[in-house]
$ cat model26.cif   # mmCIF, C-alpha atoms
data_start
#
loop_
_atom_site.label_atom_id
_atom_site.label_comp_id
_atom_site.auth_asym_id
_atom_site.auth_seq_id
_atom_site.Cartn_x
_atom_site.Cartn_y
_atom_site.Cartn_z
CA MET A 1 302.12 187.78 272.12
CA SER A 2 305.19 187.34 269.89
CA GLY A 3 303.31 184.70 267.89
CA ALA A 4 300.53 187.15 267.10
CA LEU A 5 303.04 189.82 266.14
CA ALA A 6 304.77 187.42 263.73
CA ARG A 7 301.46 186.63 262.06
CA ARG A 8 300.52 190.28 261.78
CA ALA A 9 303.91 190.99 260.23
CA ALA A 10 303.41 188.15 257.72
CA ALA A 11 300.00 189.52 256.82
CA GLU A 12 301.46 192.99 256.36
CA LEU A 13 304.09 191.56 254.01
CA LEU A 14 301.32 189.96 251.95
CA MET A 15 299.37 193.24 251.84
CA LEU A 16 302.43 195.18 250.71
CA ALA A 17 303.14 192.61 248.02
CA LEU A 18 299.65 191.91 246.71
CA ASP A 19 297.81 195.16 247.35
CA SER A 20 300.66 197.66 247.01
CA ARG A 21 302.41 195.55 244.33
CA ARG A 22 305.82 195.41 245.93
CA THR A 23 308.28 192.56 245.76
CA LEU A 24 308.66 190.55 248.94
CA ASP A 25 312.17 191.97 249.40
CA GLU A 26 310.77 195.50 249.12
CA ALA A 27 307.94 194.63 251.52
CA MET A 28 310.39 193.36 254.13
CA LEU A 29 312.27 196.66 253.98
CA LYS A 30 309.04 198.64 254.19
CA SER A 31 307.22 196.80 256.98
CA ASP A 32 307.82 198.26 260.43
CA ASN A 33 306.09 195.29 262.05
CA PHE A 34 308.36 192.83 260.29
CA ASN A 35 311.49 194.83 261.08
CA GLY A 36 310.46 194.99 264.72
CA LEU A 37 310.73 191.22 265.00
CA GLU A 38 313.87 189.34 265.95
CA GLY A 39 315.23 185.83 265.63
CA PRO A 40 312.77 182.96 265.12
CA ASP A 41 309.73 185.26 264.99
CA ARG A 42 311.23 187.19 262.11
CA GLY A 43 312.10 183.98 260.27
CA PHE A 44 308.62 182.54 260.84
CA ALA A 45 306.93 185.69 259.53
CA ARG A 46 308.97 185.52 256.35
CA LEU A 47 308.26 181.80 256.01
CA MET A 48 304.50 182.31 256.29
CA ALA A 49 304.47 185.12 253.73
CA SER A 50 306.71 183.36 251.22
CA ALA A 51 304.82 180.04 251.55
CA ALA A 52 301.52 181.82 250.90
CA LEU A 53 302.90 183.63 247.86
CA ARG A 54 304.48 180.48 246.43
CA GLU A 55 301.13 178.70 246.23
CA LEU A 56 298.71 181.62 246.31
CA GLY A 57 296.26 180.51 243.62
CA ARG A 58 295.73 177.07 245.14
CA ILE A 59 295.45 178.51 248.64
CA ASP A 60 292.76 180.93 247.47
CA ALA A 61 290.96 178.09 245.70
CA GLY A 62 290.98 176.12 248.95
CA LEU A 63 289.67 179.11 250.88
CA SER A 64 286.81 179.88 248.51
CA PRO A 65 284.37 177.12 249.63
CA LEU A 66 284.85 178.19 253.24
CA LEU A 67 283.62 181.74 252.60
CA SER A 68 280.11 183.12 252.23
CA ARG A 69 281.39 185.88 249.96
CA PRO A 70 284.27 186.20 247.46
CA LEU A 71 287.70 186.46 249.04
CA ASN A 72 288.31 189.80 247.30
CA ALA A 73 285.21 191.19 249.03
CA THR A 74 286.96 190.95 252.40
CA SER A 75 289.17 193.77 253.66
CA PRO A 76 292.87 193.64 252.69
CA ALA A 77 293.98 192.99 256.27
CA ILE A 78 291.49 190.17 256.89
CA ARG A 79 292.25 188.68 253.48
CA ALA A 80 295.96 188.66 254.32
CA LEU A 81 295.35 187.09 257.75
CA LEU A 82 293.15 184.40 256.20
CA ARG A 83 295.99 183.45 253.87
CA VAL A 84 298.50 183.52 256.71
CA GLY A 85 296.23 181.34 258.83
CA VAL A 86 295.49 178.65 256.25
CA VAL A 87 299.07 178.37 255.00
CA GLN A 88 300.04 177.50 258.58
CA LEU A 89 297.32 174.85 258.71
CA TRP A 90 297.67 173.42 255.22
CA ARG A 91 301.38 173.71 254.48
CA LEU A 92 303.50 174.57 257.51
CA GLU A 93 302.06 171.94 259.87
CA THR A 94 301.51 174.49 262.62
CA PRO A 95 299.35 173.00 265.40
CA PRO A 96 295.75 174.04 264.63
CA HIS A 97 295.15 175.65 268.02
CA ALA A 98 298.21 177.89 267.64
CA ALA A 99 297.52 178.72 264.01
CA VAL A 100 293.93 179.77 264.72
CA SER A 101 294.30 181.46 268.10
CA GLU A 102 297.47 183.41 267.32
CA THR A 103 296.18 184.58 263.93
CA VAL A 104 292.91 185.75 265.52
CA GLU A 105 294.94 187.46 268.25
CA ALA A 106 296.87 189.27 265.51
CA ALA A 107 293.57 190.64 264.22
CA LYS A 108 292.53 191.85 267.67
CA GLY A 109 295.67 193.93 267.98
CA TRP A 110 295.43 195.39 264.48
CA PRO A 111 292.98 198.27 263.93
CA ASP A 112 292.61 197.40 260.24
CA ALA A 113 291.49 193.85 261.08
CA ARG A 114 289.92 194.09 264.56
CA SER A 115 286.32 194.17 263.35
CA GLY A 116 286.77 190.94 261.40
CA GLY A 117 288.11 188.81 264.25
CA SER A 118 284.99 186.67 264.68
CA PHE A 119 284.74 186.03 260.94
CA LEU A 120 288.43 185.14 260.80
CA ASN A 121 288.06 182.74 263.74
CA ALA A 122 285.10 180.94 262.15
CA VAL A 123 286.78 180.52 258.76
CA LEU A 124 290.08 179.30 260.19
CA ARG A 125 288.30 176.75 262.38
CA ARG A 126 286.54 175.40 259.29
CA ALA A 127 289.87 175.40 257.47
CA ALA A 128 291.40 173.32 260.27
CA ASP A 129 288.50 170.85 260.30
CA THR A 130 288.15 170.41 256.51
CA PRO A 131 291.52 170.97 254.83
CA PRO A 132 291.47 170.78 251.03
CA ASP A 133 293.73 168.47 249.07
CA LEU A 134 295.93 171.16 247.57
CA ASP A 135 298.22 168.61 245.95
CA ALA A 136 295.32 167.22 243.94
CA MET A 137 294.77 170.59 242.30
CA PRO A 138 296.65 171.35 239.06
CA ALA A 139 299.96 173.01 239.91
CA ARG A 140 299.36 175.77 237.35
CA LEU A 141 296.46 176.94 239.52
CA ILE A 142 299.10 178.72 241.60
CA TRP A 143 299.14 181.48 238.95
CA PRO A 144 296.50 183.98 237.83
CA ASP A 145 294.33 182.57 235.04
CA TRP A 146 295.75 184.88 232.37
CA LEU A 147 299.34 183.86 233.14
CA ALA A 148 298.53 180.15 233.30
CA SER A 149 296.90 180.53 229.88
CA ARG A 150 299.99 182.20 228.41
CA PHE A 151 302.34 179.57 229.77
CA THR A 152 300.07 176.82 228.46
CA ASN A 153 299.90 178.40 225.00
CA ASP A 154 303.68 178.70 224.74
CA LEU A 155 304.88 175.62 226.64
CA GLY A 156 301.95 173.25 226.27
CA ALA A 157 299.89 171.90 229.14
CA ASP A 158 302.65 169.56 230.33
CA GLY A 159 305.34 172.24 230.12
CA ALA A 160 303.24 174.73 232.06
CA GLU A 161 302.42 172.14 234.71
CA GLN A 162 306.10 171.24 235.04
CA LEU A 163 307.09 174.89 235.44
CA ALA A 164 304.43 175.39 238.11
CA THR A 165 305.48 172.24 239.96
CA HIS A 166 309.04 173.55 240.23
CA GLN A 167 307.79 176.84 241.65
CA LEU A 168 306.42 174.96 244.65
CA ASP A 169 309.90 174.08 245.93
CA GLU A 170 312.42 176.38 247.57
CA PRO A 171 315.20 177.21 245.08
CA PRO A 172 318.83 176.30 245.69
CA ILE A 173 321.69 178.81 245.64
CA PHE A 174 324.12 178.89 242.72
CA LEU A 175 327.57 180.48 242.75
CA SER A 176 329.83 181.59 239.90
CA ALA A 177 333.58 181.47 240.56
CA ARG A 178 336.04 184.24 239.75
CA THR A 179 338.72 181.68 238.89
CA ASP A 180 338.51 177.92 239.50
CA PRO A 181 335.00 176.69 240.38
CA ARG A 182 336.45 173.47 241.81
CA ASP A 183 338.06 175.49 244.58
CA VAL A 184 334.75 177.22 245.34
CA ALA A 185 332.87 173.91 245.43
CA SER A 186 335.46 172.44 247.78
CA ALA A 187 335.49 175.44 250.12
CA THR A 188 331.70 175.84 250.31
CA GLY A 189 330.72 172.17 250.23
CA GLY A 190 328.67 172.75 247.10
CA ASP A 191 328.12 170.56 244.06
CA LEU A 192 330.08 171.48 240.94
CA LEU A 193 327.84 171.43 237.85
CA PRO A 194 329.20 170.54 234.39
CA THR A 195 328.83 174.16 233.26
CA GLY A 196 330.98 175.42 236.15
CA SER A 197 328.28 176.72 238.47
CA VAL A 198 328.35 175.59 242.10
CA ARG A 199 325.07 174.54 243.70
CA LEU A 200 324.18 174.67 247.40
CA ASN A 201 320.80 173.71 248.80
CA SER A 202 320.83 176.59 251.30
CA ALA A 203 323.34 178.83 253.00
CA ASN A 204 323.99 182.11 254.75
CA VAL A 205 325.74 183.57 251.72
CA GLU A 206 327.83 186.19 253.49
CA ALA A 207 329.14 183.58 255.93
CA LEU A 208 330.42 181.25 253.20
CA PRO A 209 334.18 180.93 252.65
CA GLY A 210 335.39 183.22 249.90
CA PHE A 211 332.62 185.83 250.11
CA GLU A 212 334.67 188.65 251.62
CA ALA A 213 337.62 187.79 249.40
CA GLY A 214 335.41 188.05 246.32
CA GLY A 215 336.14 184.54 245.10
CA TRP A 216 332.59 184.06 243.81
CA TRP A 217 329.19 185.70 243.44
CA VAL A 218 325.62 184.45 243.58
CA GLN A 219 324.27 183.76 240.09
CA ASP A 220 321.67 181.31 238.85
CA ALA A 221 323.10 178.43 236.80
CA ALA A 222 320.93 179.29 233.79
CA ALA A 223 321.77 183.00 234.13
CA ALA A 224 325.46 182.08 233.84
CA LEU A 225 325.02 180.52 230.38
CA PRO A 226 324.64 183.66 228.19
CA ALA A 227 328.10 185.03 229.05
CA LYS A 228 329.65 181.59 228.51
CA LEU A 229 328.05 181.33 225.07
CA LEU A 230 329.59 184.65 224.03
CA ASN A 231 332.98 182.85 223.99
CA VAL A 232 334.92 185.92 225.09
CA THR A 233 338.74 186.05 225.00
CA ARG A 234 341.23 188.50 226.52
CA THR A 235 341.51 190.38 223.23
CA ASP A 236 337.78 191.07 222.86
CA GLN A 237 335.99 194.37 223.31
CA VAL A 238 332.68 193.50 224.99
CA VAL A 239 329.54 195.50 225.72
CA ASP A 240 327.14 194.27 228.40
CA LEU A 241 323.81 196.02 227.84
CA CYS A 242 321.32 196.33 230.71
CA ALA A 243 324.18 195.09 232.85
CA ALA A 244 323.27 195.87 236.47
CA PRO A 245 323.49 194.41 239.05
CA GLY A 246 326.31 192.71 237.22
CA GLY A 247 326.57 188.94 237.46
CA LYS A 248 327.23 188.64 233.74
CA THR A 249 329.56 191.64 233.79
CA LEU A 250 331.65 189.87 236.43
CA GLN A 251 331.79 186.74 234.28
CA LEU A 252 332.95 188.71 231.26
CA ALA A 253 335.47 190.73 233.26
CA ALA A 254 336.92 187.52 234.71
CA THR A 255 338.07 186.53 231.20
CA GLY A 256 340.38 189.55 231.08
CA ALA A 257 338.45 191.15 228.21
CA LYS A 258 337.77 194.88 228.12
CA VAL A 259 334.15 195.15 229.25
CA THR A 260 331.82 198.13 229.08
CA ALA A 261 328.74 197.74 231.29
CA VAL A 262 325.78 199.91 230.29
CA ASP A 263 322.62 200.45 232.33
CA ARG A 264 320.30 203.39 232.81
CA SER A 265 319.70 202.73 236.54
CA LYS A 266 322.29 204.56 238.64
CA PRO A 267 321.29 202.77 241.90
CA ARG A 268 321.68 199.38 240.23
CA LEU A 269 325.00 200.44 238.75
CA GLU A 270 326.15 201.29 242.25
CA ARG A 271 325.53 197.65 243.17
CA LEU A 272 327.61 196.67 240.15
CA ARG A 273 330.46 198.87 241.36
CA GLU A 274 330.26 197.21 244.78
CA ASN A 275 330.35 193.75 243.18
CA LEU A 276 333.34 194.67 241.06
CA ALA A 277 335.17 196.06 244.09
CA ARG A 278 334.48 192.95 246.17
CA THR A 279 335.70 190.58 243.45
CA GLY A 280 338.66 192.70 242.37
CA LEU A 281 337.44 192.77 238.77
CA SER A 282 337.20 195.80 236.50
CA ALA A 283 334.85 197.13 233.84
CA ASP A 284 333.98 200.51 232.41
CA ILE A 285 330.58 201.57 233.73
CA VAL A 286 328.26 203.78 231.70
CA ALA A 287 324.95 205.17 232.97
CA ALA A 288 322.94 205.59 229.79
CA ASN A 289 319.82 204.54 227.94
CA ALA A 290 320.89 201.62 225.77
CA ASP A 291 318.45 202.69 223.05
CA GLU A 292 320.55 205.82 222.46
CA TRP A 293 324.09 205.04 223.67
CA ARG A 294 326.71 203.81 221.20
CA PRO A 295 330.35 202.77 221.77
CA GLU A 296 333.08 204.93 220.22
CA ILE A 297 333.86 202.08 217.85
CA PRO A 298 331.81 198.92 217.21
CA VAL A 299 332.75 195.91 219.32
CA ASN A 300 332.96 192.26 218.33
CA ARG A 301 331.02 190.85 221.30
CA LEU A 302 327.81 192.09 222.96
CA LEU A 303 325.53 190.63 225.62
CA LEU A 304 321.95 191.88 225.91
CA ASP A 305 320.04 190.70 228.99
CA ALA A 306 316.90 192.61 228.08
CA PRO A 307 314.34 193.90 230.60
CA CYS A 308 311.49 191.41 230.72
CA SER A 309 308.60 190.05 232.76
CA ALA A 310 311.05 187.88 234.77
CA PHE A 311 308.50 185.07 234.82
CA GLY A 312 311.36 182.58 234.63
CA THR A 313 312.34 183.52 238.19
CA LEU A 314 308.99 182.85 239.87
CA ARG A 315 310.54 180.07 241.95
CA ARG A 316 312.59 182.78 243.66
CA HIS A 317 310.03 185.58 243.40
CA PRO A 318 306.55 183.99 243.29
CA GLU A 319 304.87 187.30 244.02
CA GLY A 320 305.85 188.38 240.50
CA ALA A 321 302.95 186.41 239.06
CA TRP A 322 300.49 188.50 241.06
CA ILE A 323 301.98 191.99 241.21
CA LYS A 324 302.48 192.32 237.44
CA ARG A 325 299.55 193.12 235.19
CA GLU A 326 298.92 191.57 231.78
CA GLU A 327 298.92 194.96 230.07
CA GLU A 328 302.33 195.74 231.59
CA ILE A 329 303.78 192.50 230.23
CA ASP A 330 302.54 193.39 226.77
CA ARG A 331 304.78 196.47 226.76
CA PHE A 332 308.03 194.53 227.06
CA PRO A 333 308.31 193.23 223.47
CA ALA A 334 308.47 196.74 222.01
CA ALA A 335 311.36 197.66 224.32
CA GLN A 336 313.12 194.36 223.66
CA THR A 337 312.85 194.89 219.91
CA ARG A 338 314.31 198.40 220.21
CA LEU A 339 317.23 197.14 222.28
CA LEU A 340 318.08 194.25 219.95
CA THR A 341 317.88 196.64 216.99
CA ALA A 342 320.15 199.13 218.78
CA ALA A 343 322.62 196.35 219.57
CA ALA A 344 323.11 195.80 215.84
CA ASP A 345 324.58 199.33 215.63
CA MET A 346 327.11 198.53 218.34
CA VAL A 347 328.81 195.45 216.86
CA THR A 348 331.02 194.88 213.85
CA SER A 349 329.84 192.94 210.81
CA GLY A 350 330.25 189.30 211.82
CA GLY A 351 330.26 190.24 215.51
CA ILE A 352 328.39 188.09 218.01
CA VAL A 353 325.37 189.15 220.07
CA VAL A 354 323.84 186.96 222.77
CA TYR A 355 320.24 187.92 223.55
CA CYS A 356 318.60 186.60 226.70
CA VAL A 357 315.55 187.14 228.89
CA CYS A 358 314.62 185.43 232.15
CA THR A 359 311.19 184.39 230.91
CA PRO A 360 309.97 181.43 228.85
CA LEU A 361 307.29 183.43 227.01
CA ASP A 362 307.66 183.38 223.22
CA SER A 363 306.53 187.00 222.98
CA GLU A 364 309.68 188.14 224.81
CA GLY A 365 312.13 185.58 223.50
CA ARG A 366 311.84 183.62 220.26
CA ASN A 367 309.49 186.10 218.60
CA ILE A 368 311.87 189.02 219.24
CA VAL A 369 314.82 187.12 217.76
CA ASP A 370 312.83 185.86 214.75
CA GLN A 371 311.76 189.41 213.94
CA ALA A 372 315.35 190.70 214.09
CA ILE A 373 316.50 187.92 211.77
CA THR A 374 313.65 188.57 209.37
CA ALA A 375 314.64 192.25 209.33
CA GLY A 376 318.09 191.22 208.11
CA LEU A 377 320.00 192.41 211.16
CA TYR A 378 321.29 189.03 212.28
CA SER A 379 321.65 185.37 211.47
CA ARG A 380 321.49 182.64 214.09
CA GLN A 381 324.67 181.04 215.39
CA PRO A 382 323.18 177.84 216.88
CA VAL A 383 324.37 176.59 220.22
CA SER A 384 325.81 173.05 220.27
CA GLU A 385 325.25 170.39 222.90
CA ALA A 386 328.96 170.33 223.69
CA GLU A 387 328.79 173.95 224.89
CA ILE A 388 326.07 173.34 227.47
CA PRO A 389 326.78 170.13 229.42
CA GLY A 390 323.83 169.36 231.64
CA PHE A 391 321.56 171.64 229.63
CA GLU A 392 321.46 169.64 226.38
CA HIS A 393 317.73 169.02 226.82
CA CYS A 394 317.17 172.79 226.71
CA LEU A 395 318.19 173.19 223.04
CA THR A 396 315.39 174.26 220.74
CA PRO A 397 315.11 173.03 217.14
CA GLU A 398 316.54 176.38 215.98
CA GLY A 399 319.63 176.05 218.19
CA ASP A 400 318.51 178.49 220.91
CA LEU A 401 318.15 177.63 224.59
CA LEU A 402 315.00 177.49 226.72
CA THR A 403 316.12 176.44 230.19
CA LEU A 404 312.92 174.99 231.58
CA PRO A 405 313.84 173.29 234.87
CA GLN A 406 313.64 169.54 235.23
CA ASP A 407 313.47 167.44 238.38
CA GLY A 408 316.04 168.55 240.91
CA ALA A 409 317.58 171.23 238.68
CA GLY A 410 316.35 174.29 240.51
CA HIS A 411 317.60 176.83 237.97
CA ASP A 412 315.59 179.65 236.40
CA ALA A 413 313.83 179.58 233.04
CA PHE A 414 315.83 181.61 230.51
CA TYR A 415 315.51 182.07 226.77
CA ILE A 416 318.93 182.53 225.15
CA ALA A 417 319.82 183.05 221.47
CA ARG A 418 323.27 183.57 219.94
CA LEU A 419 323.27 185.79 216.86
CA GLN A 420 325.79 187.02 214.30
CA ARG A 421 325.62 190.53 212.88
CA THR A 422 325.05 190.40 209.15
#

$ encode --input "model26.cif" --output "structure tokens"
Amino acid sequence: MSGALARRAAAELLMLALDSRRTLDEAMLKSDNFNGLEGPDRGFARLMASAALRELGRIDAGLSPLLSRPLNATSPAIRALLRVGVVQLWRLETPPHAAVSETVEAAKGWPDARSGGSFLNAVLRRAADTPPDLDAMPARLIWPDWLASRFTNDLGADGAEQLATHQLDEPPIFLSARTDPRDVASATGGDLLPTGSVRLNSANVEALPGFEAGGWWVQDAAAALPAKLLNVTRTDQVVDLCAAPGGKTLQLAATGAKVTAVDRSKPRLERLRENLARTGLSADIVAANADEWRPEIPVNRLLLDAPCSAFGTLRRHPEGAWIKREEEIDRFPAAQTRLLTAAADMVTSGGIVVYCVCTPLDSEGRNIVDQAITAGLYSRQPVSEAEIPGFEHCLTPEGDLLTLPQDGAGHDAFYIARLQRT
């Protein structure tokens, strides 16, 4: 019975993500069935849901020939159970009898899916007998067609395929140290990267040495670069725009500089306060719309991690490719332009602004910066190879960074530009 409950919970997570457009983290908080599970059953439910989301487009392509009608013509509950069933068969190496029988049993105990039990049983048996070669399909098939097209236009066919291939693997964990990263690497058993980030393949974060003492925080290795490139000293006045939940604020505060963290989300700022308290660092926190807020006097350093599509983090949040709509993505550039324009009012002439977004799309990165330079607000201050050991291959011809992951890297895809106020 517990096996059927785990599969129903996984299907409910998929429904909450794909039909109610929630992140997987939000779905796990929302699902009563998932939260009613314990131990291995809970872990298996999460594994099934995350594995299906990671490769959703290819899984659906493999399902299509097994169906007499389009997948979207099935009910949400049956559609979710089909995906849960085939990901067990095709990716998780679950014994076929268990994958089929327990998934069908989940339908029998679920009013939303009970009427489709026979259909589900027939399709899953065919899926077990004639598994598709998912690996032979293009990796970029994991995304919706419109998103695959955008990545291909901006990154080229090879770049898009490489980005998709990296999404198929579980991401590592990266830590940023409050003081000496060598001590953190030694205590946690992680690998120290040339840029100072510490990489672990997996871990129970809260159980790692140094967590309670605030000696480090979780932060992607690429996400740690923007604050480093600001070259902050103890004498600098720094503004961190769109700061919450605060990884970059913590980096800046660790230099001893006077940091003002601005974000309009009070709940996210509360997380920033908690992170500051745990690490023993300090920053002034301002709840305000960055379009309208201005410091009392202009500062000489500013970091803008602008709201974006977050398509550079799909390895960690693969559901993002499916829960975001194309028309929603098209609204980001206007907001990003407003924020980068507003930032120019906050810094002194000659002051430095680092602009970054966790997406590789030109429309949210390079195009925004080029427009601001054309408008006369900024000039580029190119990044040098010496500043980014291990990321030298990410330099663009203009001297910006596009951190597309390579084999074994595991970091997110960020666009980063360093600018000087004219």

$ residues_around --input "model26.cif" --residues "Glu55 (chain A)" --least-positions-apart "3" --cutoff "7 Å" --atoms "only C-alpha atoms" --output "tab-separated table (two decimals) with C-alpha atoms, keeping the file's coordinate frame"
chain	number	residue	atom	x	y	z
A	51	ALA	CA	304.82	180.04	251.55
A	52	ALA	CA	301.52	181.82	250.90
A	58	ARG	CA	295.73	177.07	245.14
A	59	ILE	CA	295.45	178.51	248.64
A	142	ILE	CA	299.10	178.72	241.60
A	168	LEU	CA	306.42	174.96	244.65

$ closest_residue --input "model26.cif" --among "A:Gly62, A:Arg8, A:Leu16, A:Ala27" --to "Val104 (chain A)" --atoms "all atoms listed in the file"
A:Arg8

$ residues_around --input "model26.cif" --residues "Lys248 (chain A)" --least-positions-apart "6" --cutoff "12 Å" --atoms "all atoms listed in the file" --output "MDAnalysis selection string"
chainID A and resid 176:178 217:230 232 238:242 254:255 259:262 272 275:276 283 302:305 354 356

$ closest_residue --input "model26.cif" --among "A:Gln406, A:Thr233, A:Ser31, A:Thr422" --to "Glu161 (chain A)" --atoms "all atoms listed in the file"
A:Gln406

$ residues_around --input "model26.cif" --residues "Ala6 (chain A)" --least-positions-apart "6" --cutoff "10 Å" --atoms "all atoms listed in the file" --output "ChimeraX atom specification"
/A:12,33-34,36-38,40-46,48,102-103,106

$ closest_residue --input "model26.cif" --among "A:Pro298, A:Pro389, A:Pro382, A:Pro318" --to "Arg54 (chain A)" --atoms "only C-alpha atoms"
A:Pro318

$ resolve_selection --input "model26.cif" --expression "the PyMOL selection byres ((chain A and resi 132) around 10)" --output "PyMOL selection string"
chain A and resi 58-59+61-63+65+90+127-131+133-137

$ resolve_selection --input "model26.cif" --expression "the PyMOL selection byres ((chain A and resi 203) around 12)" --output "PyMOL selection string"
chain A and resi 171-175+188-190+199-202+204-209+211+218

$ residues_around --input "model26.cif" --residues "region 288-290 of chain A" --least-positions-apart "6" --cutoff "9 Å" --atoms "only C-alpha atoms" --output "VMD selection string"
chain A and resid 241 to 242 262 to 266 339 342 to 343
